[in-house]
Amino acid sequence: MDRHTKAAILCAGIAAPSADNSQPWRFAWSGDDLDLRIDADRSGRVSDTRYVLSDLAAGACLENMIIHARSLGYAADVQTFPRPDDELWAARIRWRLDTESDQSEPLAGAIEQRHTDRRFPWGGSITTDTQARLNAQARLIPGQRLYWPQTPRERKAALSVIRQAETMRFRSPTLHAELFSSIRFAAGWHTACEEGLAPATLAVEPPLRPVFQALRRPAVMAMLNRLGAASMLGWRSAWLPIRLSPGLCLLVIPSTARSDVLAGGRALQRVWLQATLDGLSVQPYAAAGVLSLGFVPVEPAFQQPLSRLGSALHDVCAPGYGLVFLRLGYARSAPRDRSGRRALASFGALQ
C-alpha cells in the first residue's frame with residue numbers, strides 16, 4: 001500500500017462523527033497493518049466513562065476506512081480490542097488487495113458529504129423503502145438493528161426519554177460543565193473550528209445566542225434552573241425538533257460490551273451514510289442511550305432519575321440496549337456551517 005492510499009484511508013476515517021467533534025483517534029502503521037487507538041488526551045470525560053463515546057466514534061472511523069478502502073480495491077481483516085490489558089487499542093486492521101472486488105461501494109461517495117444538521121423543521125416523509133435501506137445497512141454489522149417508534153404511544157415514550165436525558169445535561173452541574181466545555185465560543189457565531197463545536201453549528205436562533213452563551217456560567221445556569229430552564233432547554237433542543245421532523249429511529253446494540261458499542265459505531269456510520277445518499281438530514285441524540293447504560297457518574301441527586309431513565313429506554317427498545325437516536329427528515333438546503341477536522345498529521349505518524 002503506497003503512502004497516498006494510506007493517507008486517503010485515514011482521511012476517510014477522520015471524516016467520521018465523534019461526540020462533540022472530539023476526534024478521539026490515533027493511528028499507527030506497521031507495513032500494511034494499521035492500529036486504530038483511542039486518544040487518551042481527547043477521551044475519558046464524564047460521559048465517556050468506560051470509553052463509550054470513544055468506542056462509538058472508533059467504530060464509525062473504522063467503518064469509514066473499510067468502506068473507502070473497499071472502493072480502492074482493498075479488503076480489511078479486523079481484530080477489535082487486540083489486547084485486553086490495553087484499553088486504548090480499539091482495532092488492528094490488516095489491509096490486503098481484493099482481486100475479486102469490483103470496487104463498487106456506493107457509501108464511499110457519501111463520506112465527505114455526511115454531516116450533522118441541527119436545524120428544523122424538516123419536511124417530507126420517511127418511506128418504507130427508505131426505512132428498509134437504513135435497516136439493511138444496520139443489519140450488515142452483526143447484532144445491530146434499528147428501532148422505529150411507529151405508534152403515537154411509542155413515539156411519545158421515545159420523546160419522553162430523549163427530553164429527560166437532554167434536560168439532565170443542563171440540570172446536572174457535572175454534565176453541564178462537560179457540555180459547555182466542548183463549545184468553542186471564541187470562534188464566534190459565523191466561523192468553523194477544526195476541533196470541538198463551533199457555535200455556528202448549533203443552530204441557535206440569533207435572538208437567543210447571548211442567553212445561550214451566558215448559560216455556560218454555572219451560577220447563571222443554577223439560577224435559571226430554579227425557574228425551569230433545564231426543562232425548557234430539553235424541550236427546545238430535543239422534543240420540539242423531533243416533533244417537527246418526520247423520522248425518528250434508535251440504534252440498538254445487543255449488549256454493553258465494548259466490542260458491541262464499537263460495532264454500534266460501525267452500524268451508525270453505515271446508516272448515516274445511506275441516509276446521506278437518500279438526501280436525508282440527520283441529527284444524532286446520544287445522551288439518552290449513553291446515560292441509560294449506567295456508566296456515567298453523576299451527582300447523587302440524579303442517580304435515581306438516571307435509573308428511571310435506563311428503565312424507560314429499556315421498555316422502549318427491548319431486547320437490547322438503545323445507544324443513539326437519529327432525527328431524520330428533508331431540509332430545504334444544506335447547512336452552511338459544518339464542523340472541521342484537525343490536520344491529518346495530528347492523528348499520528350503516516351509511514
# chains A, B, ... in the order shown; residues from 1 in each chain; ligands from 1

call {"tool": "residues_around", "arguments": {"residues": "Ala203 of chain A", "least_positions_apart": "6", "cutoff": "12 Å", "atoms": "only C-alpha atoms", "output": "list in words"}}
result
Thr116, Asp117, Arg118, Arg119, Phe120, Pro121, Trp189, His190, Leu197, Arg209, Phe212, Arg236, Ser237, Pro241, Gln283, Pro335, Arg336, Asp337 and Arg338 of chain A

call {"tool": "write_last_selection", "arguments": {"atoms": "N, CA and C atoms", "output": "PDB file, in the first residue's frame"}}
result
ATOM      1  N   THR A 116     -23.870  16.621  10.462  1.00  0.00           N
ATOM      2  CA  THR A 116     -24.961  16.801  11.412  1.00  0.00           C
ATOM      3  C   THR A 116     -25.721  18.070  11.062  1.00  0.00           C
ATOM      4  N   ASP A 117     -27.035  17.973  11.080  1.00  0.00           N
ATOM      5  CA  ASP A 117     -27.887  19.131  10.797  1.00  0.00           C
ATOM      6  C   ASP A 117     -28.802  19.348  11.995  1.00  0.00           C
ATOM      7  N   ARG A 118     -28.613  20.448  12.714  1.00  0.00           N
ATOM      8  CA  ARG A 118     -29.418  20.721  13.909  1.00  0.00           C
ATOM      9  C   ARG A 118     -30.577  21.677  13.640  1.00  0.00           C
ATOM     10  N   ARG A 119     -30.791  22.027  12.378  1.00  0.00           N
ATOM     11  CA  ARG A 119     -31.886  22.953  12.058  1.00  0.00           C
ATOM     12  C   ARG A 119     -33.232  22.213  12.086  1.00  0.00           C
ATOM     13  N   PHE A 120     -34.309  22.972  12.088  1.00  0.00           N
ATOM     14  CA  PHE A 120     -35.658  22.416  11.979  1.00  0.00           C
ATOM     15  C   PHE A 120     -36.580  23.577  11.640  1.00  0.00           C
ATOM     16  N   PRO A 121     -37.798  23.309  11.150  1.00  0.00           N
ATOM     17  CA  PRO A 121     -38.382  21.987  10.913  1.00  0.00           C
ATOM     18  C   PRO A 121     -37.906  21.381   9.598  1.00  0.00           C
ATOM     19  N   TRP A 189     -19.948  33.243  16.115  1.00  0.00           N
ATOM     20  CA  TRP A 189     -21.161  32.617  15.588  1.00  0.00           C
ATOM     21  C   TRP A 189     -21.164  32.495  14.072  1.00  0.00           C
ATOM     22  N   HIS A 190     -20.047  32.773  13.435  1.00  0.00           N
ATOM     23  CA  HIS A 190     -20.048  32.756  11.964  1.00  0.00           C
ATOM     24  C   HIS A 190     -18.875  31.999  11.363  1.00  0.00           C
ATOM     25  N   LEU A 197     -17.000  22.066  19.104  1.00  0.00           N
ATOM     26  CA  LEU A 197     -18.199  22.561  18.445  1.00  0.00           C
ATOM     27  C   LEU A 197     -18.128  24.076  18.281  1.00  0.00           C
ATOM     28  N   ARG A 209     -28.878  33.788  21.191  1.00  0.00           N
ATOM     29  CA  ARG A 209     -27.451  33.498  21.312  1.00  0.00           C
ATOM     30  C   ARG A 209     -26.816  34.106  22.565  1.00  0.00           C
ATOM     31  N   PHE A 212     -27.893  31.911  25.472  1.00  0.00           N
ATOM     32  CA  PHE A 212     -27.237  30.604  25.445  1.00  0.00           C
ATOM     33  C   PHE A 212     -25.781  30.714  25.877  1.00  0.00           C
ATOM     34  N   ARG A 236     -36.656  22.511  23.892  1.00  0.00           N
ATOM     35  CA  ARG A 236     -36.192  23.187  22.683  1.00  0.00           C
ATOM     36  C   ARG A 236     -35.156  22.352  21.916  1.00  0.00           C
ATOM     37  N   SER A 237     -34.253  21.699  22.620  1.00  0.00           N
ATOM     38  CA  SER A 237     -33.163  21.005  21.937  1.00  0.00           C
ATOM     39  C   SER A 237     -33.562  19.632  21.425  1.00  0.00           C
ATOM     40  N   PRO A 241     -37.686  19.855  18.015  1.00  0.00           N
ATOM     41  CA  PRO A 241     -37.150  19.464  16.704  1.00  0.00           C
ATOM     42  C   PRO A 241     -37.639  18.091  16.247  1.00  0.00           C
ATOM     43  N   GLN A 283     -29.751  14.328  12.642  1.00  0.00           N
ATOM     44  CA  GLN A 283     -29.206  14.834  13.903  1.00  0.00           C
ATOM     45  C   GLN A 283     -29.201  13.696  14.909  1.00  0.00           C
ATOM     46  N   PRO A 335     -26.790  22.756   5.310  1.00  0.00           N
ATOM     47  CA  PRO A 335     -26.355  23.781   6.268  1.00  0.00           C
ATOM     48  C   PRO A 335     -25.065  24.447   5.797  1.00  0.00           C
ATOM     49  N   ARG A 336     -24.946  25.731   6.081  1.00  0.00           N
ATOM     50  CA  ARG A 336     -23.732  26.451   5.671  1.00  0.00           C
ATOM     51  C   ARG A 336     -22.545  26.126   6.560  1.00  0.00           C
ATOM     52  N   ASP A 337     -22.824  25.805   7.810  1.00  0.00           N
ATOM     53  CA  ASP A 337     -21.743  25.631   8.781  1.00  0.00           C
ATOM     54  C   ASP A 337     -21.612  24.161   9.158  1.00  0.00           C
ATOM     55  N   ARG A 338     -20.384  23.632   9.039  1.00  0.00           N
ATOM     56  CA  ARG A 338     -20.097  22.251   9.398  1.00  0.00           C
ATOM     57  C   ARG A 338     -18.843  22.217  10.260  1.00  0.00           C
TER      58      ARG A 338
END

call {"tool": "residues_around", "arguments": {"residues": "segment 185-187 of chain A", "least_positions_apart": "5", "cutoff": "8 Å", "atoms": "only C-alpha atoms", "output": "VMD selection string"}}
result
chain A and resid 192 to 193 198 to 199 213

call {"tool": "select_by_dssp", "arguments": {"residues": "segment 152-306 of chain A", "states": "alpha helix (DSSP H)", "output": "PyMOL selection string"}}
result
chain A and resi 152-171+173-181+209-214+218-225+229-234+240-243+258-277+287-292+303-306

call {"tool": "residues_around", "arguments": {"residues": "segment 88-99 of chain A", "least_positions_apart": "4", "cutoff": "8 Å", "atoms": "only C-alpha atoms", "output": "VMD selection string"}}
result
chain A and resid 32 to 40 55 58 73 to 83

call {"tool": "residues_around", "arguments": {"residues": "Tyr321 of chain A", "least_positions_apart": "2", "cutoff": "12 Å", "atoms": "only C-alpha atoms", "output": "ChimeraX atom specification"}}
result
/A:143-147,250-257,260-261,264,288-294,310-319,323-325

call {"tool": "atom_distance", "arguments": {"atom1": "atom CA of Thr167 of chain A", "atom2": "atom CA of Gly234 of chain A"}}
result
4.4 Å

call {"tool": "closest_residue", "arguments": {"among": "A:Ser18, A:Ser160, A:Asn64, A:Thr191", "to": "Gln269 of chain A", "atoms": "only C-alpha atoms"}}
result
A:Asn64

call {"tool": "closest_residue", "arguments": {"among": "A:Gly44, A:Gly123, A:Pro297, A:Gly279", "to": "Ala19 of chain A", "atoms": "only C-alpha atoms"}}
result
A:Gly44

call {"tool": "select_by_dssp", "arguments": {"residues": "segment 97-245 of chain A", "states": "strand (DSSP E or B)", "output": "PyMOL selection string"}}
result
chain A and resi 97+123+145-147+183+197

call {"tool": "write_last_selection", "arguments": {"atoms": "N, CA and C atoms", "output": "PDB file, in the first residue's frame"}}
result
ATOM      1  N   LEU A  97      -5.015  -6.514  -0.888  1.00  0.00           N
ATOM      2  CA  LEU A  97      -5.678  -6.332  -2.172  1.00  0.00           C
ATOM      3  C   LEU A  97      -6.736  -7.410  -2.354  1.00  0.00           C
ATOM      4  N   GLY A 123     -39.162  18.638   6.357  1.00  0.00           N
ATOM      5  CA  GLY A 123     -40.367  18.157   5.709  1.00  0.00           C
ATOM      6  C   GLY A 123     -40.218  16.750   5.180  1.00  0.00           C
ATOM      7  N   ARG A 145     -29.299  -3.329  15.100  1.00  0.00           N
ATOM      8  CA  ARG A 145     -30.607  -3.115  14.468  1.00  0.00           C
ATOM      9  C   ARG A 145     -31.112  -1.715  14.759  1.00  0.00           C
ATOM     10  N   LEU A 146     -32.082  -1.290  13.976  1.00  0.00           N
ATOM     11  CA  LEU A 146     -32.760  -0.023  14.196  1.00  0.00           C
ATOM     12  C   LEU A 146     -34.162  -0.282  14.728  1.00  0.00           C
ATOM     13  N   TYR A 147     -34.570   0.538  15.679  1.00  0.00           N
ATOM     14  CA  TYR A 147     -35.939   0.521  16.180  1.00  0.00           C
ATOM     15  C   TYR A 147     -36.611   1.818  15.743  1.00  0.00           C
ATOM     16  N   ILE A 183     -17.873  23.590  23.571  1.00  0.00           N
ATOM     17  CA  ILE A 183     -18.291  24.646  22.637  1.00  0.00           C
ATOM     18  C   ILE A 183     -17.215  25.714  22.592  1.00  0.00           C
ATOM     19  N   LEU A 197     -17.000  22.066  19.104  1.00  0.00           N
ATOM     20  CA  LEU A 197     -18.199  22.561  18.445  1.00  0.00           C
ATOM     21  C   LEU A 197     -18.128  24.076  18.281  1.00  0.00           C
TER      22      LEU A 197
END

call {"tool": "closest_residue", "arguments": {"among": "A:Gln131, A:Ser259, A:Ser71, A:Thr5", "to": "Leu56 of chain A", "atoms": "only C-alpha atoms"}}
result
A:Ser259

call {"tool": "atom_distance", "arguments": {"atom1": "atom CA of Ser307 of chain A", "atom2": "atom CA of Leu224 of chain A"}}
result
25.1 Å

call {"tool": "closest_residue", "arguments": {"among": "A:Val296, A:Leu262, A:Ala214, A:Ala138", "to": "Cys61 of chain A", "atoms": "only C-alpha atoms"}}
result
A:Leu262

call {"tool": "atom_distance", "arguments": {"atom1": "atom CA of Arg163 of chain A", "atom2": "atom CA of Pro284 of chain A"}}
result
13.3 Å

call {"tool": "residues_around", "arguments": {"residues": "Val220 of chain A", "least_positions_apart": "3", "cutoff": "12 Å", "atoms": "only C-alpha atoms", "output": "ChimeraX atom specification"}}
result
/A:170-171,173,176,211-217,223-227,229-230

call {"tool": "write_last_selection", "arguments": {"atoms": "N, CA and C atoms", "output": "PDB file, in the first residue's frame"}}
result
ATOM      1  N   PHE A 170     -28.493  19.727  31.372  1.00  0.00           N
ATOM      2  CA  PHE A 170     -28.472  21.109  31.844  1.00  0.00           C
ATOM      3  C   PHE A 170     -28.682  21.205  33.356  1.00  0.00           C
ATOM      4  N   ARG A 171     -29.306  20.210  33.953  1.00  0.00           N
ATOM      5  CA  ARG A 171     -29.546  20.245  35.397  1.00  0.00           C
ATOM      6  C   ARG A 171     -28.331  19.783  36.193  1.00  0.00           C
ATOM      7  N   PRO A 173     -24.733  19.682  37.348  1.00  0.00           N
ATOM      8  CA  PRO A 173     -23.551  20.545  37.193  1.00  0.00           C
ATOM      9  C   PRO A 173     -22.403  19.857  36.460  1.00  0.00           C
ATOM     10  N   HIS A 176     -23.436  19.612  32.784  1.00  0.00           N
ATOM     11  CA  HIS A 176     -23.473  20.972  32.242  1.00  0.00           C
ATOM     12  C   HIS A 176     -22.068  21.462  31.923  1.00  0.00           C
ATOM     13  N   VAL A 211     -28.191  34.699  25.424  1.00  0.00           N
ATOM     14  CA  VAL A 211     -28.678  33.928  26.572  1.00  0.00           C
ATOM     15  C   VAL A 211     -27.977  32.581  26.626  1.00  0.00           C
ATOM     16  N   PHE A 212     -27.893  31.911  25.472  1.00  0.00           N
ATOM     17  CA  PHE A 212     -27.237  30.604  25.445  1.00  0.00           C
ATOM     18  C   PHE A 212     -25.781  30.714  25.877  1.00  0.00           C
ATOM     19  N   GLN A 213     -25.104  31.739  25.419  1.00  0.00           N
ATOM     20  CA  GLN A 213     -23.704  31.911  25.794  1.00  0.00           C
ATOM     21  C   GLN A 213     -23.562  32.159  27.295  1.00  0.00           C
ATOM     22  N   ALA A 214     -24.520  32.866  27.890  1.00  0.00           N
ATOM     23  CA  ALA A 214     -24.463  33.122  29.332  1.00  0.00           C
ATOM     24  C   ALA A 214     -24.686  31.849  30.145  1.00  0.00           C
ATOM     25  N   LEU A 215     -25.353  30.861  29.545  1.00  0.00           N
ATOM     26  CA  LEU A 215     -25.650  29.627  30.267  1.00  0.00           C
ATOM     27  C   LEU A 215     -24.408  28.806  30.580  1.00  0.00           C
ATOM     28  N   ARG A 216     -23.294  29.124  29.962  1.00  0.00           N
ATOM     29  CA  ARG A 216     -22.079  28.366  30.259  1.00  0.00           C
ATOM     30  C   ARG A 216     -21.577  28.651  31.671  1.00  0.00           C
ATOM     31  N   ARG A 217     -22.037  29.721  32.284  1.00  0.00           N
ATOM     32  CA  ARG A 217     -21.624  30.049  33.651  1.00  0.00           C
ATOM     33  C   ARG A 217     -22.475  29.253  34.629  1.00  0.00           C
ATOM     34  N   MET A 223     -29.204  29.460  38.655  1.00  0.00           N
ATOM     35  CA  MET A 223     -30.267  30.414  38.935  1.00  0.00           C
ATOM     36  C   MET A 223     -31.467  30.176  38.007  1.00  0.00           C
ATOM     37  N   LEU A 224     -31.191  30.010  36.711  1.00  0.00           N
ATOM     38  CA  LEU A 224     -32.273  29.815  35.751  1.00  0.00           C
ATOM     39  C   LEU A 224     -32.942  28.458  35.914  1.00  0.00           C
ATOM     40  N   ASN A 225     -32.192  27.470  36.405  1.00  0.00           N
ATOM     41  CA  ASN A 225     -32.812  26.161  36.629  1.00  0.00           C
ATOM     42  C   ASN A 225     -33.900  26.227  37.689  1.00  0.00           C
ATOM     43  N   ARG A 226     -33.766  27.158  38.610  1.00  0.00           N
ATOM     44  CA  ARG A 226     -34.823  27.321  39.610  1.00  0.00           C
ATOM     45  C   ARG A 226     -36.122  27.811  38.974  1.00  0.00           C
ATOM     46  N   LEU A 227     -35.995  28.352  37.771  1.00  0.00           N
ATOM     47  CA  LEU A 227     -37.171  28.820  37.025  1.00  0.00           C
ATOM     48  C   LEU A 227     -37.602  27.831  35.955  1.00  0.00           C
ATOM     49  N   ALA A 229     -35.440  26.321  33.640  1.00  0.00           N
ATOM     50  CA  ALA A 229     -34.712  26.484  32.382  1.00  0.00           C
ATOM     51  C   ALA A 229     -34.292  25.154  31.768  1.00  0.00           C
ATOM     52  N   ALA A 230     -33.838  24.204  32.602  1.00  0.00           N
ATOM     53  CA  ALA A 230     -33.362  22.926  32.059  1.00  0.00           C
ATOM     54  C   ALA A 230     -34.464  22.199  31.305  1.00  0.00           C
TER      55      ALA A 230
END
